[in-house]
Amino acid sequence: MASEMVTIYVMGKAYEVPRDLTIMKAMEYAGYRFIRGCGCRGAFCGACGTVYRTKDDYRLKVGLACQEMVQDEMYLAEIPFFPGNKATYNVDKLKPNSETVLKLYPEVFRCLSCNACTKACPQDIEVMEYVQAALRGDIEKAADLSFDCILCGLCASRCPAEIVQYNVALLCRRLYSAKIAPRAKHLDKRVKAVKRGKFDKELAKLMKMKKSQLAKLYSEREIQKAD
Amino acid sequence: MYTGKILESMKRLEATRGERLHQEIPLLSPDDRQSLLEGFHPDYKEAIFRTLKVGPSKGERTPKEFADVFEAYSAIDPAKFDLSSVDLDVDVLVVGGGGAGAAAALVAQEHGANVLLVTKLRLGDSNTVMAQGGIQGADKENDSPAIHYLDVMGGGRYFNDPKLVEALVSDAPDVLAWLERLGVMFDKEPDGTMTTIHGGGTSRMRMHAARDYTGGEMMKTLRDEVLNHDVPIMEFAAAYELLTDGKKVTGAVLYNMETEEYLIVRAKTVILATGGGGRLHVSGFPTTNHYGATADGLVLGYRVGAPLTFMDTIQYHPTGAAFPEQILGQLVTEKVRSIGGQITNVDGNRFIYELETRDVEAAAVIRECLGKKKGVETPSGQPAVWLDTPIIEVLHGAGTIKKRLPAMFRQYERFGIDMSEVPILIYPTQHYQNGGLKIDAHCETKVKNLYASGEAAGGVHGRNRLMGNSLLDVIVFGRRAGAAAAERAAGIKRAGKLSLDHLSKFHKELKSARVGKGRISPMLLPEYRRPEAAKKKINALA
């Protein structure tokens, strides 16, 4: 299946590649073998953040190499690593409020509300909104809005205030989940029951069973109806 | 978007949606299930296998692509390799930066061990980060570890190692509680009750999720925790060979992926948490796995004499993306079916209950396409069946997909397909290595001081893993390996001598089995360059 070719410039160097490829596959087609800049290949890991520009356009655009299709006359470079600041902390000892966020990441104060981060996000996350929420101490909102973040770092690469949004978001999600969201009481109860050995006997019985006995139990087992 | 015959087929699917809405398809009987598997599951195609001629699992069969990396030479010549200067001396060396490796490193350090975690890519680059659907755990009133046990055994066709299954189901609640405490953002009801749903082969609703980024959310949290605890890590450093004192494992040779320099690590214990081998592409199947899934840990363990188990069974995920071609083989989470998505053929008719176990579901899709010729042909020639997603919105209300399956929705939206309005095309894809290094319930392999956990180990899932038991597996056995390896290390004053004698022996075995010298492993990274580009090279800087 012959497909139409386009010219892309990988870090300034021209290669002819089929038009129907993602940036990542196009670079491999051209002969690159990735060590950095390639991870899950499915937009979950954030390894392949890429900055590019197209012909006759002054604007810099960003995307994930594993998802973004090549275009003719595309100038591109991957940013497989971004040296963003990460605070270290013990979540157990933190309070879920804005003081915590600002103590660990004081640069959040510097947010100019320019929205460059939101425009850069390949996951279409309202990045500036969650930074503002974190600043206000609305940890739940920051956690919710930032949930789909894959830590690619493209937001931080475009931020004039030098905020490392994705690490702020991670802190907020951990604070929310560990400190604000109500605990699953049934879970603690079950952990204690397991520790007491409540299920040991039943398990031991199953472990001794022959395949035929297990198979009988398995095919007769009751299946919970979904609501 | 869809055109021509695909569009016509989609119209037929839309026409049957009303009558399918409350149509009930029973589970297959054990006999029907078996004959479907034997007829259409790739595990039953003799031609894809080869019997191993060398090593501790000699005489056992495994897909040819795996045999090729097991029966291969090291790039290191053991006779000439200099081991005299030790670069790093640690208690516990953890190889692999996914869920199992991160959990192992955290727990080993908590047990007082001096830990080093090495990974050939970045910390977090793993199949864990890509797992979407959920994590199992019997924590509800109507459920118990025993019921979970029965589901696991039945799903694995009763071949599972009972001791490993016991560990899996018994540790599950504590693992969930640990993750909750660390701040993993699980889906919950307003009162804190975990939201749980079914997965294929579950008899209770025990699938916990963090939207459809469950593994990603877990991995981000664990990675953050590893960094917060200052666990020493080395990225872009592959373990290239293990070292032994002749019997026990005593360290490893690391390979800097970027500078090509090697380092010698002395370690009292080593944990292989290197994941699976989807990137070996068994029988040319596409895969859901991440870039580094090349079964390196299995190769290393095999060479020092650790036997493998269940290496003749691979899990094909029934719903890999079949269209558009740019995302061919990528995962369409089982959660799509858990919340009501239906599978139909070219005529819009269902042909299998959607929550059969994955092996059965995949075989049914293959039969529908290749056996019954009732599949939909995509422009690239890839066969496919429909996964009716808009029906989810009919069942649960408009906006459900975007809310509960944000990753999936985004994946398709990027290519102009709104899966809440139109169905998507799917076909099985290589997803999971059911087998791996044989371990005991403390994750030790048959070679002393060598541990394995997560997808690199085998036995817990028997011949078929259930959805949500892999995210559980990596944490349960990652933690167990970390604890056991740290405790063992505490009783060792100093690791013994460092040698590659096992490799010399293995190379000799290969030679007498007439394995050609050109075959080198571990693979480290797959080769995806255009063949002409990859072939036309000179080692000018060598």
# chains A, B, ... in the order shown; residues from 1 in each chain; ligands from 1

call {"tool": "interface_residues", "arguments": {"of": "chain A", "to": "chain B", "cutoff": "6 Å", "atoms": "only C-alpha atoms", "output": "ChimeraX atom specification"}}
result
/A:28-29,31,39-40,44,88-89,174,177-178,182-184,187,190-191,203,207,223-224

call {"tool": "select_by_dssp", "arguments": {"residues": "range 16-190 of chain A", "states": "strand (DSSP E)", "output": "mmCIF file with N, CA, C and O atoms, in the first residue's frame"}}
result
data_model
loop_
_atom_site.group_PDB
_atom_site.id
_atom_site.type_symbol
_atom_site.label_atom_id
_atom_site.label_comp_id
_atom_site.auth_asym_id
_atom_site.auth_seq_id
_atom_site.Cartn_x
_atom_site.Cartn_y
_atom_site.Cartn_z
ATOM 1 N N GLU A 16 12.104 11.913 4.301
ATOM 2 C CA GLU A 16 10.847 11.652 3.601
ATOM 3 C C GLU A 16 10.145 10.495 4.309
ATOM 4 O O GLU A 16 10.736 9.421 4.473
ATOM 5 N N VAL A 17 8.928 10.706 4.726
ATOM 6 C CA VAL A 17 8.197 9.652 5.451
ATOM 7 C C VAL A 17 6.743 9.585 4.962
ATOM 8 O O VAL A 17 6.225 10.572 4.442
ATOM 9 N N PRO A 18 6.087 8.427 5.111
ATOM 10 C CA PRO A 18 4.671 8.340 4.713
ATOM 11 C C PRO A 18 3.808 9.271 5.559
ATOM 12 O O PRO A 18 4.033 9.422 6.756
ATOM 13 N N GLY A 49 6.968 13.650 24.810
ATOM 14 C CA GLY A 49 6.582 15.030 24.562
ATOM 15 C C GLY A 49 7.422 15.602 23.424
ATOM 16 O O GLY A 49 8.630 15.399 23.369
ATOM 17 N N THR A 50 6.761 16.319 22.518
ATOM 18 C CA THR A 50 7.447 16.800 21.316
ATOM 19 C C THR A 50 7.034 18.235 21.036
ATOM 20 O O THR A 50 5.867 18.595 21.209
ATOM 21 N N VAL A 51 8.005 19.036 20.646
ATOM 22 C CA VAL A 51 7.690 20.409 20.256
ATOM 23 C C VAL A 51 7.926 20.531 18.757
ATOM 24 O O VAL A 51 8.873 19.955 18.227
ATOM 25 N N TYR A 52 6.992 21.200 18.081
ATOM 26 C CA TYR A 52 7.145 21.304 16.625
ATOM 27 C C TYR A 52 6.583 22.615 16.089
ATOM 28 O O TYR A 52 5.853 23.336 16.771
ATOM 29 N N ARG A 53 6.943 22.862 14.855
ATOM 30 C CA ARG A 53 6.466 24.059 14.167
ATOM 31 C C ARG A 53 6.184 23.643 12.743
ATOM 32 O O ARG A 53 6.856 22.750 12.218
ATOM 33 N N THR A 54 5.199 24.213 12.140
ATOM 34 C CA THR A 54 4.942 23.895 10.735
ATOM 35 C C THR A 54 5.324 25.083 9.872
ATOM 36 O O THR A 54 5.470 26.202 10.370
ATOM 37 N N LYS A 61 4.221 24.449 18.574
ATOM 38 C CA LYS A 61 3.135 23.584 19.056
ATOM 39 C C LYS A 61 3.752 22.395 19.764
ATOM 40 O O LYS A 61 4.920 22.063 19.551
ATOM 41 N N VAL A 62 2.958 21.754 20.590
ATOM 42 C CA VAL A 62 3.471 20.587 21.305
ATOM 43 C C VAL A 62 2.473 19.441 21.195
ATOM 44 O O VAL A 62 1.300 19.640 20.923
ATOM 45 N N GLY A 63 2.971 18.231 21.394
ATOM 46 C CA GLY A 63 2.108 17.052 21.356
ATOM 47 C C GLY A 63 2.904 15.832 21.765
ATOM 48 O O GLY A 63 4.088 15.929 22.085
ATOM 49 N N LEU A 64 2.249 14.680 21.745
ATOM 50 C CA LEU A 64 2.930 13.427 22.046
ATOM 51 C C LEU A 64 3.303 12.756 20.736
ATOM 52 O O LEU A 64 2.458 12.615 19.845
ATOM 53 N N MET A 74 7.087 19.686 8.683
ATOM 54 C CA MET A 74 7.007 19.803 10.133
ATOM 55 C C MET A 74 8.425 19.790 10.699
ATOM 56 O O MET A 74 9.218 18.916 10.368
ATOM 57 N N TYR A 75 8.734 20.761 11.530
ATOM 58 C CA TYR A 75 10.040 20.825 12.192
ATOM 59 C C TYR A 75 9.842 20.357 13.617
ATOM 60 O O TYR A 75 9.029 20.929 14.344
ATOM 61 N N LEU A 76 10.558 19.332 14.037
ATOM 62 C CA LEU A 76 10.238 18.793 15.357
ATOM 63 C C LEU A 76 11.466 18.385 16.160
ATOM 64 O O LEU A 76 12.526 18.084 15.609
ATOM 65 N N ALA A 77 11.277 18.391 17.477
ATOM 66 C CA ALA A 77 12.274 17.854 18.401
ATOM 67 C C ALA A 77 11.539 17.288 19.602
ATOM 68 O O ALA A 77 10.589 17.890 20.097
ATOM 69 N N GLU A 78 11.977 16.141 20.048
ATOM 70 C CA GLU A 78 11.361 15.567 21.247
ATOM 71 C C GLU A 78 11.966 16.211 22.498
ATOM 72 O O GLU A 78 13.122 16.638 22.484
#

call {"tool": "select_by_dssp", "arguments": {"residues": "range 8-181 of chain A", "states": "alpha helix (DSSP H)", "output": "PyMOL selection string"}}
result
chain A and resi 23-30+98-104+116-120+127-136+139-145+154-157+165-175

call {"tool": "closest_residue", "arguments": {"among": "B:Ala239, B:Met523, B:Val515, B:Leu117", "to": "Gly482 in chain B", "atoms": "only C-alpha atoms"}}
result
B:Leu117

call {"tool": "closest_residue", "arguments": {"among": "B:Thr250, B:Pro522, B:Glu260, B:Glu235", "to": "Phe81 in chain A", "atoms": "only C-alpha atoms"}}
result
B:Glu235

call {"tool": "residues_around", "arguments": {"residues": "Leu52 in chain B", "least_positions_apart": "3", "cutoff": "9 Å", "atoms": "only C-alpha atoms", "output": "list in words"}}
result
Gly55, Ser57, Lys58, Gly59, Glu60, Arg61, Thr62, Ala67, Phe70 and Glu71 of chain B

call {"tool": "residues_around", "arguments": {"residues": "Ala483 in chain B", "least_positions_apart": "4", "cutoff": "7 Å", "atoms": "only C-alpha atoms", "output": "compact mmCIF listing (two decimals) with N, CA, C and O atoms, in the first residue's frame"}}
result
# COMPACT_ATOMS: atom_id res chain seq x y z
N VAL B 107 9.47 -1.51 49.87
CA VAL B 107 9.36 -2.41 51.01
C VAL B 107 10.74 -2.89 51.47
O VAL B 107 11.00 -2.99 52.67
N ALA B 108 11.62 -3.16 50.51
CA ALA B 108 12.97 -3.61 50.89
C ALA B 108 13.67 -2.53 51.70
O ALA B 108 14.32 -2.80 52.71
N HIS B 111 12.44 -2.32 55.13
CA HIS B 111 13.00 -3.40 55.95
C HIS B 111 14.48 -3.17 56.28
O HIS B 111 15.14 -4.08 56.76
N ARG B 479 5.74 -6.48 46.83
CA ARG B 479 5.96 -6.27 48.26
C ARG B 479 6.57 -7.51 48.92
O ARG B 479 7.47 -7.42 49.75
N GLU B 487 15.07 -9.40 53.97
CA GLU B 487 15.33 -10.26 55.13
C GLU B 487 16.48 -11.22 54.86
O GLU B 487 17.34 -11.43 55.71

call {"tool": "closest_atom_pairs", "arguments": {"of": "range 179-201 of chain A", "to": "range 130-146 of chain A", "cutoff": "12 Å", "atoms": "only C-alpha atoms", "output": "JSON lines"}}
result
{"residue": "A:Lys179", "atom": "CA", "partner": "A:Ile139", "partner_atom": "CA", "distance": 10.0}
{"residue": "A:Ile180", "atom": "CA", "partner": "A:Glu140", "partner_atom": "CA", "distance": 7.7}
{"residue": "A:Ala181", "atom": "CA", "partner": "A:Glu140", "partner_atom": "CA", "distance": 8.5}

call {"tool": "atom_distance", "arguments": {"atom1": "CA of Leu175 in chain A", "atom2": "CA of Asn90 in chain A"}}
result
10.3 Å

call {"tool": "atom_distance", "arguments": {"atom1": "CA of Leu437 in chain B", "atom2": "CA of Ile366 in chain B"}}
result
29.2 Å

call {"tool": "atom_distance", "arguments": {"atom1": "CA of Ser212 in chain A", "atom2": "CA of Pro318 in chain B"}}
result
27.6 Å

call {"tool": "residues_around", "arguments": {"residues": "Ala486 in chain B", "least_positions_apart": "3", "cutoff": "12 Å", "atoms": "only C-alpha atoms", "output": "PyMOL selection string"}}
result
chain B and resi 90-94+104-116+267-271+442+444+449-451+479-483+489-492

call {"tool": "residues_around", "arguments": {"residues": "Asn434 in chain B", "least_positions_apart": "6", "cutoff": "7 Å", "atoms": "only C-alpha atoms", "output": "list in words"}}
result
Phe310, Thr313, Ile314, Gln315, Gly458, His461, Gly462, Arg463, Asn464 and Arg465 of chain B

call {"tool": "write_last_selection", "arguments": {"atoms": "all heavy atoms", "output": "JSON list (two decimals), in the first residue's frame"}}
result
[["chain", "number", "residue", "atom", "x", "y", "z"],
["B", 310, "PHE", "N", 4.81, -22.29, 32.66],
["B", 310, "PHE", "CA", 3.69, -21.77, 31.86],
["B", 310, "PHE", "C", 4.14, -20.88, 30.69],
["B", 310, "PHE", "O", 3.42, -19.97, 30.30],
["B", 310, "PHE", "CB", 2.70, -20.99, 32.72],
["B", 310, "PHE", "CG", 1.98, -21.83, 33.73],
["B", 310, "PHE", "CD1", 2.32, -21.76, 35.07],
["B", 310, "PHE", "CD2", 0.99, -22.72, 33.34],
["B", 310, "PHE", "CE1", 1.68, -22.55, 36.01],
["B", 310, "PHE", "CE2", 0.35, -23.51, 34.27],
["B", 310, "PHE", "CZ", 0.68, -23.43, 35.61],
["B", 313, "THR", "N", 1.88, -20.38, 27.36],
["B", 313, "THR", "CA", 0.57, -19.72, 27.32],
["B", 313, "THR", "C", 0.69, -18.21, 27.41],
["B", 313, "THR", "O", 1.36, -17.67, 28.28],
["B", 313, "THR", "CB", -0.40, -20.28, 28.40],
["B", 313, "THR", "OG1", -1.42, -19.32, 28.64],
["B", 313, "THR", "CG2", 0.31, -20.57, 29.71],
["B", 314, "ILE", "N", 0.07, -17.57, 26.45],
["B", 314, "ILE", "CA", 0.11, -16.11, 26.33],
["B", 314, "ILE", "C", -1.32, -15.60, 26.38],
["B", 314, "ILE", "O", -2.22, -16.24, 25.86],
["B", 314, "ILE", "CB", 0.70, -15.71, 24.95],
["B", 314, "ILE", "CG1", 2.14, -16.20, 24.78],
["B", 314, "ILE", "CG2", 0.60, -14.22, 24.70],
["B", 314, "ILE", "CD1", 3.16, -15.45, 25.56],
["B", 315, "GLN", "N", -1.50, -14.49, 27.03],
["B", 315, "GLN", "CA", -2.84, -13.91, 27.01],
["B", 315, "GLN", "C", -2.98, -12.90, 25.88],
["B", 315, "GLN", "O", -2.20, -11.97, 25.78],
["B", 315, "GLN", "CB", -3.15, -13.22, 28.34],
["B", 315, "GLN", "CG", -4.54, -12.61, 28.34],
["B", 315, "GLN", "CD", -5.00, -12.21, 29.73],
["B", 315, "GLN", "OE1", -4.72, -11.12, 30.19],
["B", 315, "GLN", "NE2", -5.68, -13.10, 30.41],
["B", 458, "GLY", "N", 5.86, -16.59, 37.02],
["B", 458, "GLY", "CA", 4.72, -17.35, 36.50],
["B", 458, "GLY", "C", 4.13, -18.26, 37.53],
["B", 458, "GLY", "O", 4.76, -18.58, 38.54],
["B", 461, "HIS", "N", -1.35, -17.17, 37.77],
["B", 461, "HIS", "CA", -2.54, -17.05, 36.92],
["B", 461, "HIS", "C", -2.84, -18.32, 36.11],
["B", 461, "HIS", "O", -3.75, -18.31, 35.30],
["B", 461, "HIS", "CB", -2.40, -15.86, 35.98],
["B", 461, "HIS", "CG", -2.07, -14.59, 36.69],
["B", 461, "HIS", "ND1", -2.97, -13.98, 37.55],
["B", 461, "HIS", "CD2", -0.95, -13.83, 36.74],
["B", 461, "HIS", "CE1", -2.41, -12.90, 38.06],
["B", 461, "HIS", "NE2", -1.18, -12.79, 37.59],
["B", 462, "GLY", "N", -2.04, -19.36, 36.33],
["B", 462, "GLY", "CA", -2.28, -20.60, 35.59],
["B", 462, "GLY", "C", -2.18, -20.35, 34.10],
["B", 462, "GLY", "O", -1.22, -19.73, 33.63],
["B", 463, "ARG", "N", -3.19, -20.77, 33.36],
["B", 463, "ARG", "CA", -3.13, -20.64, 31.91],
["B", 463, "ARG", "C", -3.94, -19.45, 31.39],
["B", 463, "ARG", "O", -4.06, -19.25, 30.18],
["B", 463, "ARG", "CB", -3.61, -21.93, 31.24],
["B", 463, "ARG", "CG", -2.80, -23.16, 31.66],
["B", 463, "ARG", "CD", -3.06, -24.34, 30.77],
["B", 463, "ARG", "NE", -2.56, -24.10, 29.43],
["B", 463, "ARG", "CZ", -1.29, -24.25, 29.06],
["B", 463, "ARG", "NH1", -0.40, -24.69, 29.91],
["B", 463, "ARG", "NH2", -0.93, -24.00, 27.83],
["B", 464, "ASN", "N", -4.49, -18.68, 32.30],
["B", 464, "ASN", "CA", -5.23, -17.49, 31.85],
["B", 464, "ASN", "C", -5.45, -16.55, 33.04],
["B", 464, "ASN", "O", -5.96, -16.96, 34.06],
["B", 464, "ASN", "CB", -6.60, -17.88, 31.28],
["B", 464, "ASN", "CG", -7.42, -16.67, 30.91],
["B", 464, "ASN", "OD1", -7.04, -15.87, 30.05],
["B", 464, "ASN", "ND2", -8.56, -16.50, 31.57],
["B", 465, "ARG", "N", -5.06, -15.30, 32.88],
["B", 465, "ARG", "CA", -5.21, -14.33, 33.96],
["B", 465, "ARG", "C", -6.52, -13.58, 33.83],
["B", 465, "ARG", "O", -6.96, -13.28, 32.72],
["B", 465, "ARG", "CB", -4.05, -13.33, 33.91],
["B", 465, "ARG", "CG", -4.16, -12.23, 34.93],
["B", 465, "ARG", "CD", -2.96, -11.30, 34.87],
["B", 465, "ARG", "NE", -2.87, -10.55, 33.62],
["B", 465, "ARG", "CZ", -3.61, -9.48, 33.35],
["B", 465, "ARG", "NH1", -4.49, -9.02, 34.20],
["B", 465, "ARG", "NH2", -3.46, -8.85, 32.19]]

call {"tool": "residues_around", "arguments": {"residues": "Leu405 in chain B", "least_positions_apart": "6", "cutoff": "12 Å", "atoms": "only C-alpha atoms", "output": "list in words"}}
result
Asp148 of chain A; Gln132, Gly133, Gly134, Ala209, Ala210, Arg211, Asp212, Tyr213, Thr214, Val332, Thr333, Glu334, Lys335, Val336, Arg337, Ser338, Ile339, Gly341, Thr389, Ile392, Glu393, Gly399, Gln411, Tyr412, Met419 and Ser420 of chain B

call {"tool": "decode", "arguments": {"residues": "range 223-241 of chain B", "atoms": "N, CA and C atoms", "output": "mmCIF file, in the first residue's frame"}}
result
data_model
loop_
_atom_site.group_PDB
_atom_site.id
_atom_site.type_symbol
_atom_site.label_atom_id
_atom_site.label_comp_id
_atom_site.auth_asym_id
_atom_site.auth_seq_id
_atom_site.Cartn_x
_atom_site.Cartn_y
_atom_site.Cartn_z
ATOM 1 N N ARG B 223 5.761 5.857 42.094
ATOM 2 C CA ARG B 223 6.969 6.542 41.624
ATOM 3 C C ARG B 223 7.279 7.723 42.547
ATOM 4 N N ASP B 224 6.241 8.489 42.853
ATOM 5 C CA ASP B 224 6.393 9.637 43.736
ATOM 6 C C ASP B 224 6.923 9.186 45.098
ATOM 7 N N GLU B 225 6.417 8.060 45.567
ATOM 8 C CA GLU B 225 6.814 7.537 46.873
ATOM 9 C C GLU B 225 8.279 7.081 46.847
ATOM 10 N N VAL B 226 8.685 6.441 45.763
ATOM 11 C CA VAL B 226 10.091 6.020 45.623
ATOM 12 C C VAL B 226 11.009 7.254 45.676
ATOM 13 N N LEU B 227 10.593 8.311 44.992
ATOM 14 C CA LEU B 227 11.392 9.549 44.992
ATOM 15 C C LEU B 227 11.370 10.208 46.378
ATOM 16 N N ASN B 228 10.206 10.216 47.019
ATOM 17 C CA ASN B 228 10.118 10.815 48.356
ATOM 18 C C ASN B 228 10.986 10.090 49.369
ATOM 19 N N HIS B 229 11.106 8.789 49.202
ATOM 20 C CA HIS B 229 11.915 7.999 50.137
ATOM 21 C C HIS B 229 13.374 7.948 49.730
ATOM 22 N N ASP B 230 13.689 8.665 48.651
ATOM 23 C CA ASP B 230 15.081 8.740 48.241
ATOM 24 C C ASP B 230 15.701 7.367 47.975
ATOM 25 N N VAL B 231 14.911 6.467 47.443
ATOM 26 C CA VAL B 231 15.451 5.152 47.079
ATOM 27 C C VAL B 231 16.427 5.376 45.921
ATOM 28 N N PRO B 232 17.669 4.887 46.034
ATOM 29 C CA PRO B 232 18.600 5.089 44.924
ATOM 30 C C PRO B 232 18.083 4.422 43.644
ATOM 31 N N ILE B 233 17.984 5.185 42.573
ATOM 32 C CA ILE B 233 17.535 4.610 41.307
ATOM 33 C C ILE B 233 18.519 4.967 40.206
ATOM 34 N N MET B 234 18.593 4.098 39.221
ATOM 35 C CA MET B 234 19.439 4.364 38.066
ATOM 36 C C MET B 234 18.595 4.075 36.832
ATOM 37 N N GLU B 235 18.285 5.129 36.079
ATOM 38 C CA GLU B 235 17.463 4.951 34.882
ATOM 39 C C GLU B 235 18.347 4.720 33.660
ATOM 40 N N PHE B 236 17.757 4.221 32.606
ATOM 41 C CA PHE B 236 18.490 3.894 31.374
ATOM 42 C C PHE B 236 19.715 3.027 31.677
ATOM 43 N N ALA B 237 19.532 2.147 32.656
ATOM 44 C CA ALA B 237 20.563 1.185 33.013
ATOM 45 C C ALA B 237 19.911 -0.202 33.028
ATOM 46 N N ALA B 238 20.252 -1.012 32.045
ATOM 47 C CA ALA B 238 19.670 -2.355 31.963
ATOM 48 C C ALA B 238 20.537 -3.333 32.732
ATOM 49 N N ALA B 239 19.903 -4.309 33.383
ATOM 50 C CA ALA B 239 20.690 -5.430 33.916
ATOM 51 C C ALA B 239 20.960 -6.313 32.702
ATOM 52 N N TYR B 240 22.224 -6.498 32.389
ATOM 53 C CA TYR B 240 22.532 -7.232 31.159
ATOM 54 C C TYR B 240 22.862 -8.694 31.420
ATOM 55 N N GLU B 241 23.385 -8.965 32.617
ATOM 56 C CA GLU B 241 23.717 -10.360 32.964
ATOM 57 C C GLU B 241 23.744 -10.453 34.483
#
